[in-house]
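Data from run-v4.cif: mmCIF, C-alpha atoms
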```
data_final
#
loop_
_atom_site.group_PDB
_atom_site.id
_atom_site.type_symbol
_atom_site.label_atom_id
_atom_site.label_comp_id
_atom_site.auth_asym_id
_atom_site.auth_seq_id
_atom_site.Cartn_x
_atom_site.Cartn_y
_atom_site.Cartn_z
ATOM 1 C CA MET A 1 7.401 19.019 -35.683
ATOM 2 C CA GLY A 2 5.087 21.760 -34.411
ATOM 3 C CA ARG A 3 4.787 25.277 -35.699
ATOM 4 C CA PRO A 4 7.470 27.760 -34.667
ATOM 5 C CA ASP A 5 4.953 29.837 -32.700
ATOM 6 C CA GLY A 6 4.176 26.847 -30.491
ATOM 7 C CA LYS A 7 0.545 26.595 -31.638
ATOM 8 C CA GLY A 8 -1.106 23.730 -33.393
ATOM 9 C CA LYS A 9 -0.765 20.009 -33.231
ATOM 10 C CA GLY A 10 2.444 18.155 -33.712
ATOM 11 C CA LYS A 11 5.143 16.299 -31.916
ATOM 12 C CA GLY A 12 6.620 18.274 -29.098
ATOM 13 C CA GLY A 13 5.631 21.689 -30.422
ATOM 14 C CA GLY A 14 2.481 22.308 -28.392
ATOM 15 C CA LYS A 15 2.323 24.061 -25.084
ATOM 16 C CA GLY A 16 1.523 21.556 -22.367
ATOM 17 C CA LYS A 17 0.546 21.957 -18.777
ATOM 18 C CA GLY A 18 3.575 21.574 -16.585
ATOM 19 C CA GLY A 19 3.306 19.283 -13.591
ATOM 20 C CA LYS A 20 4.192 20.707 -10.223
ATOM 21 C CA GLY A 21 5.703 18.352 -7.698
ATOM 22 C CA LYS A 22 3.260 17.694 -4.902
ATOM 23 C CA GLY A 23 5.173 14.907 -3.232
ATOM 24 C CA LYS A 24 5.051 14.513 0.505
ATOM 25 C CA GLY A 25 8.106 15.682 2.337
ATOM 26 C CA PHE A 26 9.566 13.294 4.867
ATOM 27 C CA ALA A 27 9.312 15.175 8.123
ATOM 28 C CA PRO A 28 10.850 13.419 11.101
ATOM 29 C CA GLU A 29 8.284 11.228 12.829
ATOM 30 C CA GLY A 30 7.711 12.224 16.432
ATOM 31 C CA PRO A 31 6.750 9.854 19.230
ATOM 32 C CA PRO A 32 3.175 8.556 18.933
ATOM 33 C CA GLU A 33 0.465 9.754 21.285
ATOM 34 C CA TYR A 34 -0.913 6.238 21.852
ATOM 35 C CA MET A 35 1.301 3.153 21.930
ATOM 36 C CA LYS A 36 0.892 -0.593 22.460
ATOM 37 C CA THR A 37 3.473 -3.120 23.555
ATOM 38 C CA VAL A 38 3.948 -4.945 20.259
ATOM 39 C CA GLY A 39 6.675 -7.422 21.015
ATOM 40 C CA GLU A 40 9.672 -8.516 22.977
ATOM 41 C CA PHE A 41 13.274 -8.595 21.892
ATOM 42 C CA LEU A 42 14.691 -12.081 21.173
ATOM 43 C CA HIS A 43 18.204 -11.464 19.821
ATOM 44 C CA ALA A 44 20.319 -9.289 17.518
ATOM 45 C CA CYS A 45 21.096 -10.378 13.976
ATOM 46 C CA GLU A 46 23.273 -8.361 11.566
ATOM 47 C CA ASP A 47 22.678 -5.060 13.400
ATOM 48 C CA MET A 48 18.922 -5.694 13.479
ATOM 49 C CA MET A 49 16.598 -6.650 16.315
ATOM 50 C CA VAL A 50 14.562 -9.849 16.024
ATOM 51 C CA CYS A 51 11.363 -9.548 18.050
ATOM 52 C CA LYS A 52 8.427 -11.849 18.834
ATOM 53 C CA LEU A 53 4.925 -10.405 18.403
ATOM 54 C CA ILE A 54 3.050 -10.565 21.730
ATOM 55 C CA LEU A 55 -0.224 -8.803 20.881
ATOM 56 C CA ALA A 56 -3.491 -10.653 21.551
ATOM 57 C CA PRO A 57 -5.597 -10.603 19.427
ATOM 58 C CA ILE A 58 -2.851 -10.726 16.831
ATOM 59 C CA GLU A 59 -2.269 -7.442 15.024
ATOM 60 C CA VAL A 60 0.538 -7.186 12.477
ATOM 61 C CA PRO A 61 2.803 -4.107 12.383
ATOM 62 C CA HIS A 62 3.056 -2.046 9.184
ATOM 63 C CA PHE A 63 6.347 -2.152 7.322
ATOM 64 C CA ASN A 64 8.530 0.875 8.158
ATOM 65 C CA ALA A 65 6.416 1.642 11.241
ATOM 66 C CA GLY A 66 8.380 3.273 14.043
ATOM 67 C CA ILE A 67 9.338 1.111 17.023
ATOM 68 C CA TRP A 68 9.777 2.845 20.371
ATOM 69 C CA THR A 69 10.852 2.225 23.943
ATOM 70 C CA GLU A 70 8.349 2.673 26.780
ATOM 71 C CA GLU A 71 9.952 6.088 27.401
ATOM 72 C CA LYS A 72 9.069 7.057 23.764
ATOM 73 C CA ALA A 73 12.655 6.968 22.487
ATOM 74 C CA LYS A 74 12.791 5.768 18.893
ATOM 75 C CA ILE A 75 14.567 2.436 18.407
ATOM 76 C CA GLY A 76 14.041 1.975 14.655
ATOM 77 C CA LYS A 77 11.567 0.821 12.011
ATOM 78 C CA VAL A 78 9.897 -2.505 11.205
ATOM 79 C CA ASP A 79 11.932 -4.087 8.411
ATOM 80 C CA ASP A 80 10.301 -7.496 7.945
ATOM 81 C CA VAL A 81 7.450 -9.603 9.336
ATOM 82 C CA PHE A 82 7.731 -13.387 9.197
ATOM 83 C CA GLY A 83 6.767 -16.658 10.848
ATOM 84 C CA GLN A 84 3.624 -18.740 11.185
ATOM 85 C CA ILE A 85 0.178 -17.274 11.819
ATOM 86 C CA ASN A 86 0.290 -18.278 15.484
ATOM 87 C CA ASP A 87 3.996 -17.403 15.942
ATOM 88 C CA VAL A 88 4.659 -14.048 14.246
ATOM 89 C CA MET A 89 8.048 -12.366 14.472
ATOM 90 C CA PHE A 90 9.459 -9.167 13.039
ATOM 91 C CA THR A 91 12.804 -7.460 12.565
ATOM 92 C CA VAL A 92 13.607 -3.874 13.448
ATOM 93 C CA LYS A 93 16.221 -1.896 11.552
ATOM 94 C CA THR A 94 17.708 0.288 14.260
ATOM 95 C CA GLU A 95 18.196 4.043 14.023
ATOM 96 C CA GLU A 96 21.666 5.485 13.657
ATOM 97 C CA GLY A 97 23.342 5.451 17.066
ATOM 98 C CA VAL A 98 21.136 2.615 18.406
ATOM 99 C CA SER A 99 22.766 -0.782 18.772
ATOM 100 C CA ALA A 100 20.614 -3.919 18.600
ATOM 101 C CA SER A 101 23.067 -5.768 20.840
ATOM 102 C CA SER A 102 22.465 -3.256 23.667
ATOM 103 C CA TYR A 103 19.037 -4.812 24.345
ATOM 104 C CA LYS A 104 18.430 -7.896 26.478
ATOM 105 C CA ALA A 105 16.158 -10.827 25.614
ATOM 106 C CA GLY A 106 12.672 -10.064 26.910
ATOM 107 C CA ASP A 107 12.908 -6.255 26.581
ATOM 108 C CA LYS A 108 9.549 -4.869 25.411
ATOM 109 C CA VAL A 109 9.177 -2.752 22.278
ATOM 110 C CA HIS A 110 6.239 -0.494 21.436
ATOM 111 C CA ILE A 111 4.419 0.785 18.353
ATOM 112 C CA SER A 112 1.806 3.418 17.537
ATOM 113 C CA THR A 113 -1.747 2.045 17.675
ATOM 114 C CA GLU A 114 -2.273 3.519 14.182
ATOM 115 C CA LYS A 115 0.462 1.321 12.679
ATOM 116 C CA LEU A 116 -1.163 -2.076 13.238
ATOM 117 C CA LEU A 117 -3.265 -4.237 10.917
ATOM 118 C CA PRO A 118 -5.638 -7.024 12.028
ATOM 119 C CA LEU A 119 -4.536 -10.564 11.211
ATOM 120 C CA TRP A 120 -7.586 -11.279 9.012
ATOM 121 C CA ARG A 121 -6.181 -8.829 6.422
ATOM 122 C CA PHE A 122 -3.533 -11.481 5.700
ATOM 123 C CA THR A 123 -5.509 -14.696 6.129
ATOM 124 C CA GLN A 124 -8.863 -14.139 4.411
ATOM 125 C CA THR A 125 -9.573 -13.334 0.794
ATOM 126 C CA GLN A 126 -12.288 -10.814 1.637
ATOM 127 C CA LYS A 127 -13.451 -8.705 4.553
ATOM 128 C CA PRO A 128 -15.655 -10.577 7.060
ATOM 129 C CA GLY A 129 -19.323 -9.829 6.402
ATOM 130 C CA GLY A 130 -18.476 -8.150 3.123
ATOM 131 C CA LYS A 131 -20.422 -8.641 -0.068
ATOM 132 C CA GLY A 132 -17.333 -9.289 -2.145
ATOM 133 C CA GLY A 133 -15.865 -7.167 -4.855
ATOM 134 C CA LYS A 134 -17.687 -5.401 -7.621
ATOM 135 C CA GLY A 135 -18.186 -7.416 -10.751
ATOM 136 C CA LYS A 136 -16.902 -6.360 -14.118
ATOM 137 C CA GLY A 137 -19.345 -3.924 -15.611
ATOM 138 C CA LYS A 138 -19.551 -2.636 -19.127
ATOM 139 C CA GLY A 139 -17.472 0.428 -19.637
ATOM 140 C CA LYS A 140 -18.600 3.605 -21.308
ATOM 141 C CA GLY A 141 -19.591 3.317 -24.903
ATOM 142 C CA GLY A 142 -19.413 -0.008 -26.599
ATOM 143 C CA LYS A 143 -20.048 -0.659 -30.268
ATOM 144 C CA GLY A 144 -21.310 2.692 -31.375
ATOM 145 C CA LYS A 145 -22.237 3.865 -34.836
ATOM 146 C CA GLY A 146 -19.682 6.651 -34.864
ATOM 147 C CA LYS A 147 -20.175 10.330 -35.548
ATOM 148 C CA GLY A 148 -22.128 11.805 -38.409
ATOM 149 C CA LYS A 149 -25.339 11.029 -40.236
ATOM 150 C CA GLY A 150 -26.452 7.622 -41.354
ATOM 151 C CA ASP A 151 -25.792 4.210 -39.987
ATOM 152 C CA GLY A 152 -22.150 4.035 -40.974
ATOM 153 C CA LYS A 153 -22.575 1.343 -43.653
ATOM 154 C CA GLY A 154 -21.832 3.408 -46.750
ATOM 155 C CA LYS A 155 -24.066 4.267 -49.686
ATOM 156 C CA GLY A 156 -24.788 0.835 -51.093
ATOM 157 C CA PHE A 157 -27.472 -1.460 -49.784
ATOM 158 C CA GLY A 158 -25.688 -4.714 -50.419
ATOM 159 C CA LYS A 159 -26.922 -7.745 -52.383
ATOM 160 C CA GLY A 160 -30.568 -8.039 -53.319
ATOM 161 C CA PHE A 161 -31.735 -4.655 -52.157
ATOM 162 C CA GLY A 162 -31.049 -2.587 -55.273
ATOM 163 C CA LYS A 163 -33.688 -0.790 -57.288
ATOM 164 C CA GLY A 164 -34.641 -2.068 -60.663
ATOM 165 C CA LYS A 165 -35.254 -5.429 -62.121
ATOM 166 C CA GLY A 166 -34.598 -8.333 -59.920
ATOM 167 C CA LYS A 167 -34.876 -12.037 -60.539
#
```

The structure in this file should be written as structure tokens.
Amino acid sequence: MGRPDGKGKGKGGGKGKGGKGKGKGFAPEGPPEYMKTVGEFLHACEDMMVCKLILAPIEVPHFNAGIWTEEKAKIGKVDDVFGQINDVMFTVKTEEGVSASSYKAGDKVHISTEKLLPLWRFTQTQKPGGKGGKGKGKGKGGKGKGKGKGDGKGKGFGKGFGKGKGK
């Protein structure tokens, strides 16, 4: 236990720096300035919208990205992305007060242009034209001799190096 005055080393007795919460607040997301038609509604399933991705070249929507109507009314957020590489689909968890069954098959849905990822991010192991990742380098330090004078091997010289008569 630390000293009663809070100084010195010990368990729990020292004065530490307190952390201040710097988390991001969740402000309501407004309609995006630039949108793309990302997909078309196929059918409703358990109060969610199932949509087919219709972007060419294929760009995949971020999870939790806002989905909007053409009139910039929020429908919901991307919940899941699934399917084959050439037949991508996604589900939209609708906002409160929006019913998935109120949409007709073929209705277009839109997304912010900032909330799309290129398909190669999911199909290739590294960026095209990239040099690859950095190799493992040696960290700081290594096998050092430690602090203080001498070479850290003690006072003796080991076998055969003593002064005096030797055989």

For Met35 (chain A), which residue out of A:Lys104, A:His62, A:His110, A:Arg121 is the nearest one, using only C-alpha atoms? A:His110

Rounded to one decimal place, report the CA of Gly39 (chain A)-CA of Val98 (chain A) distance in Å. 17.8 Å

Distance CA of Gln124 (chain A)-CA of Thr37 (chain A), one decimal place? 25.3 Å

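For the structure shown here, the set of residues caught by the PyMOL selection byres ((chain A and resi 119) around 10) is Pro57, Ile58, Glu59, Val60, Pro61, Ile85, Leu116, Leu117, Pro118, Trp120, Arg121, Phe122, Thr123 and Gln124 of chain A.
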
Take the residues from that selection and put them in a file with C-alpha atoms, as a compact mmCIF listing (two decimals), keeping the file's coordinate frame.
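Dumped everything to selection.txt:
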```
# COMPACT_ATOMS: atom_id res chain seq x y z
CA PRO A 57 -5.60 -10.60 19.43
CA ILE A 58 -2.85 -10.73 16.83
CA GLU A 59 -2.27 -7.44 15.02
CA VAL A 60 0.54 -7.19 12.48
CA PRO A 61 2.80 -4.11 12.38
CA ILE A 85 0.18 -17.27 11.82
CA LEU A 116 -1.16 -2.08 13.24
CA LEU A 117 -3.26 -4.24 10.92
CA PRO A 118 -5.64 -7.02 12.03
CA TRP A 120 -7.59 -11.28 9.01
CA ARG A 121 -6.18 -8.83 6.42
CA PHE A 122 -3.53 -11.48 5.70
CA THR A 123 -5.51 -14.70 6.13
CA GLN A 124 -8.86 -14.14 4.41
```

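Distance check against Met89 (chain A) using all atoms listed in the file: of A:Ile75, A:Val50, A:Ala105, A:Ala56, the minimum falls on A:Val50.
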
Any chance you could resolve the PyMOL selection byres ((chain A and resi 63) around 10) against this file and give the residues as an NGL selection string? :A and (60-62 or 64-66 or 77-81 or 90-92 or 115-116)

If you measure from CA of Ile54 (chain A) to CA of Glu29 (chain A), what distance in Å do you get, rounded to one decimal? 24.1 Å

The PyMOL selection byres ((chain A and resi 44) around 10) resolved against shown file, as a PyMOL selection string: chain A and resi 41-43+45-51+91-92+99-105

Print the selection's residues with C-alpha atoms to a file, as a PDB file, in the frame of the given file.
```pdb
ATOM      1  CA  PHE A  41      13.274  -8.595  21.892  1.00  0.00           C
ATOM      2  CA  LEU A  42      14.691 -12.081  21.173  1.00  0.00           C
ATOM      3  CA  HIS A  43      18.204 -11.464  19.821  1.00  0.00           C
ATOM      4  CA  CYS A  45      21.096 -10.378  13.976  1.00  0.00           C
ATOM      5  CA  GLU A  46      23.273  -8.361  11.566  1.00  0.00           C
ATOM      6  CA  ASP A  47      22.678  -5.060  13.400  1.00  0.00           C
ATOM      7  CA  MET A  48      18.922  -5.694  13.479  1.00  0.00           C
ATOM      8  CA  MET A  49      16.598  -6.650  16.315  1.00  0.00           C
ATOM      9  CA  VAL A  50      14.562  -9.849  16.024  1.00  0.00           C
ATOM     10  CA  CYS A  51      11.363  -9.548  18.050  1.00  0.00           C
ATOM     11  CA  THR A  91      12.804  -7.460  12.565  1.00  0.00           C
ATOM     12  CA  VAL A  92      13.607  -3.874  13.448  1.00  0.00           C
ATOM     13  CA  SER A  99      22.766  -0.782  18.772  1.00  0.00           C
ATOM     14  CA  ALA A 100      20.614  -3.919  18.600  1.00  0.00           C
ATOM     15  CA  SER A 101      23.067  -5.768  20.840  1.00  0.00           C
ATOM     16  CA  SER A 102      22.465  -3.256  23.667  1.00  0.00           C
ATOM     17  CA  TYR A 103      19.037  -4.812  24.345  1.00  0.00           C
ATOM     18  CA  LYS A 104      18.430  -7.896  26.478  1.00  0.00           C
ATOM     19  CA  ALA A 105      16.158 -10.827  25.614  1.00  0.00           C
TER      20      ALA A 105
END
```

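Considering the residues A:Asp107, A:Asp87, A:Glu71, A:Glu96 and counting only C-alpha atoms, Pro32 (chain A) has its shortest atom-to-atom contact with A:Glu71.
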
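Using only C-alpha atoms, the smallest distance between any of A:Val88, A:Lys52, A:Lys36, A:Pro31 and Gly76 (chain A) comes from A:Pro31.
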
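Restricting the calculation to only C-alpha atoms, the smallest distance between Gln84 (chain A) and any of A:Glu40, A:Thr125, A:Glu70, A:Leu53 is found for A:Leu53.
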
Please enclose the listed atoms of region 73-83 of chain A in an axis-aligned box, pad each side by 6 Å, and write out the centre and the three edge lengths in Å, rounded to one decimal, as JSON.
```
{"center_x": 10.7, "center_y": -4.8, "center_z": 15.2, "size_x": 19.8, "size_y": 35.6, "size_z": 26.5}
```

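Of the residues under consideration (A:Gly97, A:Phe82, A:Val38, A:Glu114), A:Val38 shows the shortest atom-to-atom contact distance to Ile67 (chain A) when counting all atoms listed in the file.
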